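Undergrad: Contents of final-v8.cif (mmCIF, C-alpha atoms and all ligand atoms; chains and numbers go by the auth columns):
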```
data_final
loop_
_atom_site.group_PDB
_atom_site.id
_atom_site.type_symbol
_atom_site.label_atom_id
_atom_site.label_comp_id
_atom_site.label_asym_id
_atom_site.label_seq_id
_atom_site.Cartn_x
_atom_site.Cartn_y
_atom_site.Cartn_z
_atom_site.B_iso_or_equiv
_atom_site.auth_seq_id
_atom_site.auth_asym_id
ATOM 1 C CA MET A 1 13.386 -7.104 5.200 0.00 1 I
ATOM 2 C CA LYS A 2 9.682 -6.913 4.385 0.00 2 I
ATOM 3 C CA LEU A 3 7.766 -5.923 1.285 0.00 3 I
ATOM 4 C CA ILE A 4 4.526 -4.250 2.283 0.00 4 I
ATOM 5 C CA ILE A 5 1.846 -4.122 -0.384 0.00 5 I
ATOM 6 C CA ALA A 6 -1.325 -2.207 0.333 0.00 6 I
ATOM 7 C CA ILE A 7 -4.443 -1.913 -1.801 0.00 7 I
ATOM 8 C CA ILE A 8 -6.277 1.251 -0.801 0.00 8 I
ATOM 9 C CA GLN A 9 -9.025 3.564 -1.979 0.00 9 I
ATOM 10 C CA PRO A 10 -7.707 6.199 -4.397 0.00 10 I
ATOM 11 C CA ASP A 11 -9.091 9.010 -2.271 0.00 11 I
ATOM 12 C CA ARG A 12 -6.971 7.871 0.690 0.00 12 I
ATOM 13 C CA LEU A 13 -3.597 8.016 -1.050 0.00 13 I
ATOM 14 C CA GLU A 14 -2.686 11.532 0.083 0.00 14 I
ATOM 15 C CA SER A 15 -3.621 10.745 3.651 0.00 15 I
ATOM 16 C CA VAL A 16 -1.602 7.502 3.609 0.00 16 I
ATOM 17 C CA LYS A 17 1.415 9.348 2.211 0.00 17 I
ATOM 18 C CA GLN A 18 1.234 11.957 4.955 0.00 18 I
ATOM 19 C CA GLU A 19 1.074 9.263 7.662 0.00 19 I
ATOM 20 C CA LEU A 20 4.042 7.458 6.113 0.00 20 I
ATOM 21 C CA TYR A 21 6.117 10.647 5.980 0.00 21 I
ATOM 22 C CA LYS A 22 5.386 11.243 9.676 0.00 22 I
ATOM 23 C CA GLU A 23 7.014 7.853 10.359 0.00 23 I
ATOM 24 C CA ASP A 24 10.028 8.653 8.148 0.00 24 I
ATOM 25 C CA VAL A 25 8.931 6.205 5.471 0.00 25 I
ATOM 26 C CA ASN A 26 9.835 8.124 2.330 0.00 26 I
ATOM 27 C CA LEU A 27 10.368 5.516 -0.392 0.00 27 I
ATOM 28 C CA ILE A 28 7.250 4.316 -2.119 0.00 28 I
ATOM 29 C CA THR A 29 5.906 2.894 -5.364 0.00 29 I
ATOM 30 C CA VAL A 30 2.319 3.615 -6.360 0.00 30 I
ATOM 31 C CA SER A 31 0.282 2.017 -9.145 0.00 31 I
ATOM 32 C CA GLU A 32 -3.267 2.342 -10.347 0.00 32 I
ATOM 33 C CA VAL A 33 -4.922 -1.063 -10.342 0.00 33 I
ATOM 34 C CA LEU A 34 -8.339 -2.663 -10.638 0.00 34 I
ATOM 35 C CA GLY A 35 -9.776 -5.065 -8.117 0.00 35 I
ATOM 36 C CA HIS A 36 -12.628 -6.175 -5.943 0.00 36 I
ATOM 37 C CA GLY A 37 -12.909 -7.650 -2.479 0.00 37 I
ATOM 38 C CA ARG A 38 -15.520 -9.950 -1.052 0.00 38 I
ATOM 39 C CA GLN A 39 -18.429 -7.659 -1.955 0.00 39 I
ATOM 40 C CA MET A 40 -17.433 -8.349 -5.555 0.00 40 I
ATOM 41 C CA GLY A 41 -17.332 -4.640 -6.295 0.00 41 I
ATOM 42 C CA VAL A 42 -21.070 -4.283 -5.889 0.00 42 I
ATOM 43 C CA THR A 43 -21.623 -2.276 -2.700 0.00 43 I
ATOM 44 C CA GLU A 44 -18.744 0.118 -3.242 0.00 44 I
ATOM 45 C CA VAL A 45 -19.780 1.603 -6.532 0.00 45 I
ATOM 46 C CA TYR A 46 -20.626 4.942 -4.961 0.00 46 I
ATOM 47 C CA ARG A 47 -16.990 5.372 -3.925 0.00 47 I
ATOM 48 C CA GLY A 48 -15.405 4.830 -7.300 0.00 48 I
ATOM 49 C CA VAL A 49 -15.995 4.778 -10.990 0.00 49 I
ATOM 50 C CA LYS A 50 -16.923 1.360 -12.240 0.00 50 I
ATOM 51 C CA GLU A 51 -14.533 -0.047 -14.808 0.00 51 I
ATOM 52 C CA MET A 52 -14.165 -3.465 -16.374 0.00 52 I
ATOM 53 C CA GLY A 53 -17.450 -4.881 -15.083 0.00 53 I
ATOM 54 C CA ASN A 54 -17.300 -5.220 -11.314 0.00 54 I
ATOM 55 C CA LEU A 55 -13.655 -4.213 -10.954 0.00 55 I
ATOM 56 C CA LEU A 56 -13.123 -0.933 -9.135 0.00 56 I
ATOM 57 C CA ARG A 57 -10.243 1.508 -9.282 0.00 57 I
ATOM 58 C CA LYS A 58 -7.800 0.970 -6.441 0.00 58 I
ATOM 59 C CA ILE A 59 -4.338 2.194 -5.591 0.00 59 I
ATOM 60 C CA ARG A 60 -1.542 -0.277 -4.943 0.00 60 I
ATOM 61 C CA VAL A 61 1.223 0.964 -2.664 0.00 61 I
ATOM 62 C CA GLU A 62 4.506 -0.935 -2.358 0.00 62 I
ATOM 63 C CA ILE A 63 7.073 -0.201 0.320 0.00 63 I
ATOM 64 C CA ALA A 64 10.197 -2.220 1.078 0.00 64 I
ATOM 65 C CA VAL A 65 11.531 -1.722 4.602 0.00 65 I
ATOM 66 C CA ASN A 66 13.904 -3.118 7.168 0.00 66 I
ATOM 67 C CA GLU A 67 12.280 -5.272 9.850 0.00 67 I
ATOM 68 C CA ASP A 68 12.283 -2.490 12.438 0.00 68 I
ATOM 69 C CA PHE A 69 10.178 -0.278 10.133 0.00 69 I
ATOM 70 C CA ALA A 70 7.582 -2.892 9.175 0.00 70 I
ATOM 71 C CA GLU A 71 5.081 -2.438 11.984 0.00 71 I
ATOM 72 C CA ARG A 72 5.120 1.333 11.946 0.00 72 I
ATOM 73 C CA THR A 73 4.632 1.259 8.174 0.00 73 I
ATOM 74 C CA VAL A 74 1.578 -0.979 8.519 0.00 74 I
ATOM 75 C CA LYS A 75 0.148 1.231 11.252 0.00 75 I
ATOM 76 C CA ALA A 76 0.667 4.376 9.188 0.00 76 I
ATOM 77 C CA ILE A 77 -1.151 2.844 6.222 0.00 77 I
ATOM 78 C CA VAL A 78 -4.058 1.802 8.419 0.00 78 I
ATOM 79 C CA LYS A 79 -4.223 5.256 9.984 0.00 79 I
ATOM 80 C CA GLY A 80 -4.267 6.957 6.606 0.00 80 I
ATOM 81 C CA ALA A 81 -6.628 4.572 4.827 0.00 81 I
ATOM 82 C CA GLN A 82 -9.188 3.445 7.397 0.00 82 I
ATOM 83 C CA THR A 83 -12.699 4.880 7.227 0.00 83 I
ATOM 84 C CA GLY A 84 -14.596 1.905 8.637 0.00 84 I
ATOM 85 C CA GLU A 85 -16.427 1.360 5.349 0.00 85 I
ATOM 86 C CA THR A 86 -16.216 -1.770 3.238 0.00 86 I
ATOM 87 C CA GLY A 87 -13.529 -1.472 0.593 0.00 87 I
ATOM 88 C CA ASP A 88 -11.031 0.319 2.849 0.00 88 I
ATOM 89 C CA GLY A 89 -8.446 -2.079 1.499 0.00 89 I
ATOM 90 C CA LYS A 90 -5.932 -4.671 2.574 0.00 90 I
ATOM 91 C CA ILE A 91 -2.276 -4.884 3.486 0.00 91 I
ATOM 92 C CA PHE A 92 -0.041 -7.813 2.575 0.00 92 I
ATOM 93 C CA VAL A 93 3.311 -8.247 4.333 0.00 93 I
ATOM 94 C CA LEU A 94 5.861 -10.422 2.523 0.00 94 I
ATOM 95 C CA ASP A 95 9.341 -11.527 3.497 0.00 95 I
ATOM 96 C CA LEU A 96 11.764 -9.762 1.166 0.00 96 I
ATOM 97 C CA VAL A 97 14.831 -11.743 0.163 0.00 97 I
ATOM 98 C CA GLU A 98 17.020 -9.061 -1.376 0.00 98 I
ATOM 99 C CA CYS A 99 17.244 -5.438 -2.379 0.00 99 I
ATOM 100 C CA ILE A 100 19.917 -3.985 -4.634 0.00 100 I
ATOM 101 C CA ARG A 101 20.538 -0.302 -5.300 0.00 101 I
ATOM 102 C CA ILE A 102 21.509 -0.410 -8.943 0.00 102 I
ATOM 103 C CA ARG A 103 23.668 2.735 -8.858 0.00 103 I
ATOM 104 C CA THR A 104 26.020 1.533 -6.106 0.00 104 I
ATOM 105 C CA GLU A 105 25.336 -2.208 -6.001 0.00 105 I
ATOM 106 C CA GLU A 106 24.707 -1.905 -2.272 0.00 106 I
ATOM 107 C CA ARG A 107 22.543 -4.732 -1.002 0.00 107 I
ATOM 108 C CA GLY A 108 20.073 -5.526 1.746 0.00 108 I
ATOM 109 C CA GLY A 109 19.559 -3.031 4.547 0.00 109 I
ATOM 110 C CA GLU A 110 22.109 -0.642 3.057 0.00 110 I
ATOM 111 C CA ALA A 111 20.183 -0.420 -0.173 0.00 111 I
ATOM 112 C CA ILE A 112 16.657 -0.367 1.111 0.00 112 I
ATOM 113 C CA GLY A 113 16.366 3.087 2.607 0.00 113 I
HETATM 114 N N1 LIG B . -7.416 -11.811 -0.861 0.00 1 T
HETATM 115 C C1 LIG B . -7.144 -10.860 -1.751 0.00 1 T
HETATM 116 N N2 LIG B . -6.327 -11.125 -2.778 0.00 1 T
HETATM 117 C C2 LIG B . -6.027 -10.162 -3.688 0.00 1 T
HETATM 118 N N3 LIG B . -6.476 -8.915 -3.638 0.00 1 T
HETATM 119 C C3 LIG B . -7.306 -8.609 -2.626 0.00 1 T
HETATM 120 C C4 LIG B . -7.674 -9.562 -1.635 0.00 1 T
HETATM 121 N N4 LIG B . -8.481 -8.953 -0.753 0.00 1 T
HETATM 122 C C5 LIG B . -8.617 -7.695 -1.169 0.00 1 T
HETATM 123 N N5 LIG B . -7.911 -7.483 -2.291 0.00 1 T
HETATM 124 C C6 LIG B . -7.778 -6.228 -3.023 0.00 1 T
HETATM 125 O O1 LIG B . -8.006 -5.180 -2.097 0.00 1 T
HETATM 126 C C7 LIG B . -9.069 -4.360 -2.538 0.00 1 T
HETATM 127 C C8 LIG B . -9.833 -3.896 -1.333 0.00 1 T
HETATM 128 O O2 LIG B . -10.344 -5.015 -0.658 0.00 1 T
HETATM 129 P P1 LIG B . -11.514 -4.822 0.395 0.00 1 T
HETATM 130 O O3 LIG B . -11.118 -3.767 1.346 0.00 1 T
HETATM 131 O O4 LIG B . -12.807 -4.648 -0.318 0.00 1 T
HETATM 132 O O5 LIG B . -11.446 -6.258 1.113 0.00 1 T
HETATM 133 P P2 LIG B . -12.605 -7.085 1.752 0.00 1 T
HETATM 134 O O6 LIG B . -12.013 -8.396 2.149 0.00 1 T
HETATM 135 O O7 LIG B . -13.775 -7.104 0.811 0.00 1 T
HETATM 136 O O8 LIG B . -12.933 -6.265 3.084 0.00 1 T
HETATM 137 P P3 LIG B . -14.218 -5.344 3.416 0.00 1 T
HETATM 138 O O9 LIG B . -15.290 -6.278 3.859 0.00 1 T
HETATM 139 O O10 LIG B . -13.748 -4.416 4.478 0.00 1 T
HETATM 140 O O11 LIG B . -14.577 -4.600 2.154 0.00 1 T
HETATM 141 C C9 LIG B . -9.843 -5.216 -3.503 0.00 1 T
HETATM 142 O O12 LIG B . -10.528 -4.411 -4.446 0.00 1 T
HETATM 143 C C10 LIG B . -8.772 -6.061 -4.147 0.00 1 T
HETATM 144 O O13 LIG B . -8.166 -5.304 -5.179 0.00 1 T
HETATM 145 MG MG MG B . -14.686 -5.323 0.215 0.00 2 T
#
```
Starting from the file, lay out its structure as structure tokens.

TA:
Amino acid sequence: MKLIIAIIQPDRLESVKQELYKEDVNLITVSEVLGHGRQMGVTEVYRGVKEMGNLLRKIRVEIAVNEDFAERTVKAIVKGAQTGETGDGKIFVLDLVECIRIRTEERGGEAIG
């Protein structure tokens, strides 16, 4: 299993969601976060409201998937979020050790989707 964490521009969230749904990826956690990349938040100001000094508003998307869904999930995020501009975001792919559906106590691949 993989945990895919993506930091994207807020205005790309709807587009990313649509691309994920097309690939049958329907389980998602979304948070509002602050961050900056290597431009230190300076050159992207026109795309977002400045908050907390040079930290810009970003959206963090978390998706836990079975191995066979990992690549298509990454590709869907890229397709939905890429504009070619700095600040488009980043995707982190982590090995996921366990997943437990609390209601049923199912584990692993049974619980994840
Ligand atoms: N190495 C990192 N560690 C933690 N968070 C990061 C890292 N890189 C990027 N982020 C997060 O992702 C957001 C978007 O990053 P961004 O797309 O600006 O990356 P970048 O490396 O500066 O690439 P680009 O040159 O395309 O802008 C940042 O605001 C930050 O929240
Ligand atoms: Mg950047």

Undergrad: For ligand LIG 1 (chain T), collect every residue having any atom at a distance of at most 10 Å from a ligand atom (counting all atoms listed in the file); output as a PyMOL selection string.

TA: chain I and resi 6-9+33-44+54-60+82-92

Undergrad: Using only C-alpha atoms, which protein or nucleic acid residues come within 7 Å of Thr73 (chain I)? Drop anything in the same chain fewer than 4 positions from it, and give the result as a ChimeraX atom specification.

TA: /I:20,69,77

Undergrad: Would you mind exporting the chosen residues as an mmCIF file, keeping the file's coordinate frame, restricted to C-alpha atoms?

TA:
```cif
data_model
loop_
_atom_site.group_PDB
_atom_site.id
_atom_site.type_symbol
_atom_site.label_atom_id
_atom_site.label_comp_id
_atom_site.auth_asym_id
_atom_site.auth_seq_id
_atom_site.Cartn_x
_atom_site.Cartn_y
_atom_site.Cartn_z
ATOM 1 C CA LEU I 20 4.042 7.458 6.113
ATOM 2 C CA PHE I 69 10.178 -0.278 10.133
ATOM 3 C CA ILE I 77 -1.151 2.844 6.222
#
```

Undergrad: Pick from I:Val30, I:Leu94, I:Leu13, I:Ile4: nearest to Arg72 (chain I), with all atoms listed in the file counted?

TA: I:Ile4

Undergrad: Quick one: pull the distance between CA of Glu110 (chain I) and CA of Ala76 (chain I), Å, one decimal.

TA: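 Going from CA of Glu110 (chain I) over to CA of Ala76 (chain I), I get 22.9 Å.
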
Undergrad: To one decimal in Å, tell me the separation between CA of Lys17 (chain I) and CA of Glu106 (chain I).

TA: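 Atom-to-atom, CA of Lys17 (chain I) to CA of Glu106 (chain I), that is 26.3 Å.
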
Undergrad: Work out how far CA of Gln18 (chain I) is from CA of Glu32 (chain I), in Å to one decimal.

TA: 18.6 Å

Undergrad: I would like the residues chosen by the PyMOL selection byres (((chain I and resi 113) around 8) and not hetatm) on the shown file; could you give them as a PyMOL selection string?

TA: chain I and resi 27+65+109-112

Undergrad: Env of Glu62 (chain I): 6 Å cut, atoms = all atoms listed in the file, seq-sep filter 6 positions within chain, self excluded. Answer as an MDAnalysis selection string.

TA: chainID I and resid 4:5 28:29

Undergrad: Using all atoms listed in the file, which of the listed residues (I:Lys2, I:Lys79, I:Ser31, I:Val74) sits closest to Val61 (chain I)?

TA: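 Result for the nearest residue to Val61 (chain I): I:Ser31.
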
Undergrad: Could you list, as a PyMOL selection string, every residue within 10 Å of Lys75 (chain I), counting only C-alpha atoms and ignoring same-chain residues fewer than 5 positions away?

TA: chain I and resi 19-20+23+70+80-81
